[in-house]
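K.L.:
The structure's right below; bear with me while I get my questions together.
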Amino acid sequence: DAGVIQSPRHEVTEMGQEVTLRCKPISGHNSLFWYRQTMMRGLELLIYFNNNVPIDDSGMPEDRFSAKMPNASFSTLKIQPSEPRDSAVYFCASSLWLEATDTQYFGPGTRLTVL
Amino acid sequence: AQRVTQPEKLLSVFKGAPVELKCNYSYSGSPELFWYVQYSRQRLQLLLRHISRESIKGFTADLNKGETSFHLKKPFAQEEDSAMYYCALSGRNTDKLIFGTGTRLQVFP
């Protein structure tokens with residue numbers, strides 16, 4: 001298994017453009033998480049899904065951010081319009097959650113730079 | 001409020017010195033605590049969890065409910081321990097993790 005797959009690995013865009021980040025979780029995992037990592041705030045949970053359903057999106061910074069999980073093997077995080085303060089590394093993680101907290105497996109991250 | 005605090009952004013030690021990475025938490029209920037590690041050019045990965053009560057790569061962490069702490073310790077640091085360390089918190093019946101801001105450990109030769 002290649003683990004959690006994220007694309008693109010690097011994204012450079014201009015302010016105002018739409019950005020779409022993609023994630024493929026580990027096959028069989030039923031929970032998927034989107035995180036943002038910055039120097040100042042560390043690792044912040046943006047949103048997570050369980051069985052493709054959004055469970056908690058309280059970490060989504062504002063309406064410019066949206067996430068979808070149309071099926072068990074794919075999720076997107078979209079920023080529209082993007083702003084320079086959105087520059088960060090965005091991680092996707094997945095886990096198999098049954099009755100107790102299980103290990104989260106992280107993707108390599110997407111480094112987003114908004115000019 | 002649920003919160004994880006890692007007071008040190010950077011911790012620098014020499015090889016062979018003891019290491020303690022501090023983590024304090026705020027949580028109403030019975031928490032589950034974790035340490036995740038991110039080595040250079042590698043993915044963030046689980047290092048250890050308090051319920052396992054195990055030592056991984058020489059690291060241990062004890063949950064102290066009285067002090068609401070989960071400090072990560074190693075008696076003799078190695079250069080390969082240099083990495084970013086995140087303390088994380090979860091509760092029962094949820095798989096949501098709350099991370100601290102992380103501590104970068106630098107081990108000098």
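Going through the structure tokens in order, the chains are called A, B, and so on, while each chain numbers its residues from 1 and the ligands are numbered from 1 in the order shown.
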Residues of chain A were defined as contacting chain B if any atom lay at most 10 Å from it, counting only C-alpha atoms; please report them as a ChimeraX atom specification.

P.N.:
/A:4,31-33,37-45,47-50,55-56,91,93,95-109

K.L.:
Show me, as a ChimeraX atom specification, the residues that have an atom within 12 Å of stretch 56-59 of chain B when counting only C-alpha atoms, minus same-chain residues fewer than 5 positions from it.

P.N.:
/B:18-21,35-37,46-50,71-78,80-81,85

K.L.:
Near A:Leu46, within 6 Å and counting only C-alpha atoms, which residues show up once chain neighbours fewer than 4 positions away are dropped, as a PDB file with C-alpha atoms, in the first residue's frame?

P.N.:
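Below is the file around_22.pdb, written as the result:
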ATOM      1  CA  TRP A  34      -7.604  17.523   6.568  1.00  0.00           C
ATOM      2  CA  TYR A  35      -4.995  19.512   8.519  1.00  0.00           C
ATOM      3  CA  GLY A  59     -11.754  24.143  12.021  1.00  0.00           C
ATOM      4  CA  MET A  60     -12.487  25.416   8.534  1.00  0.00           C
TER       5      MET A  60
END

K.L.:
Under the rule that only C-alpha atoms are counted, which of A:Ala88, A:Pro25, A:Val12, A:Val19 is the nearest residue to A:Phe74?

P.N.:
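For A:Phe74, the nearest of the candidates is A:Pro25.
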
K.L.:
Quick one: pull the distance between atom CA of B:Ser40 and atom CA of A:Pro8, Å, one decimal.

P.N.:
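Going from atom CA of B:Ser40 over to atom CA of A:Pro8, I get 19.3 Å.
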
K.L.:
Could you state the separation of atom CA of B:Leu105 and atom CA of A:Ser94 in Å, given to one decimal place?

P.N.:
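Those two atoms sit 26.0 Å apart.
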
K.L.:
Please identify all polymer residues within 8 Å of A:Glu18, counting only C-alpha atoms, omitting same-chain residues fewer than 4 positions from it, and present them as a PyMOL selection string.

P.N.:
chain A and resi 78-82

K.L.:
Find the residues around B:Gln2 up to 8 Å (only C-alpha atoms counted), leave out those fewer than 5 positions away in its own chain, and share them as JSON, numbers by chain.

P.N.:
{"B": [25, 26, 27, 28, 98]}

K.L.:
Would you work out the distance separating atom CA of A:Cys92 from atom CA of A:Asn52, expressed in Å to one decimal?

P.N.:
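Computed distance, atom CA of A:Cys92 to atom CA of A:Asn52, equals 14.0 Å.
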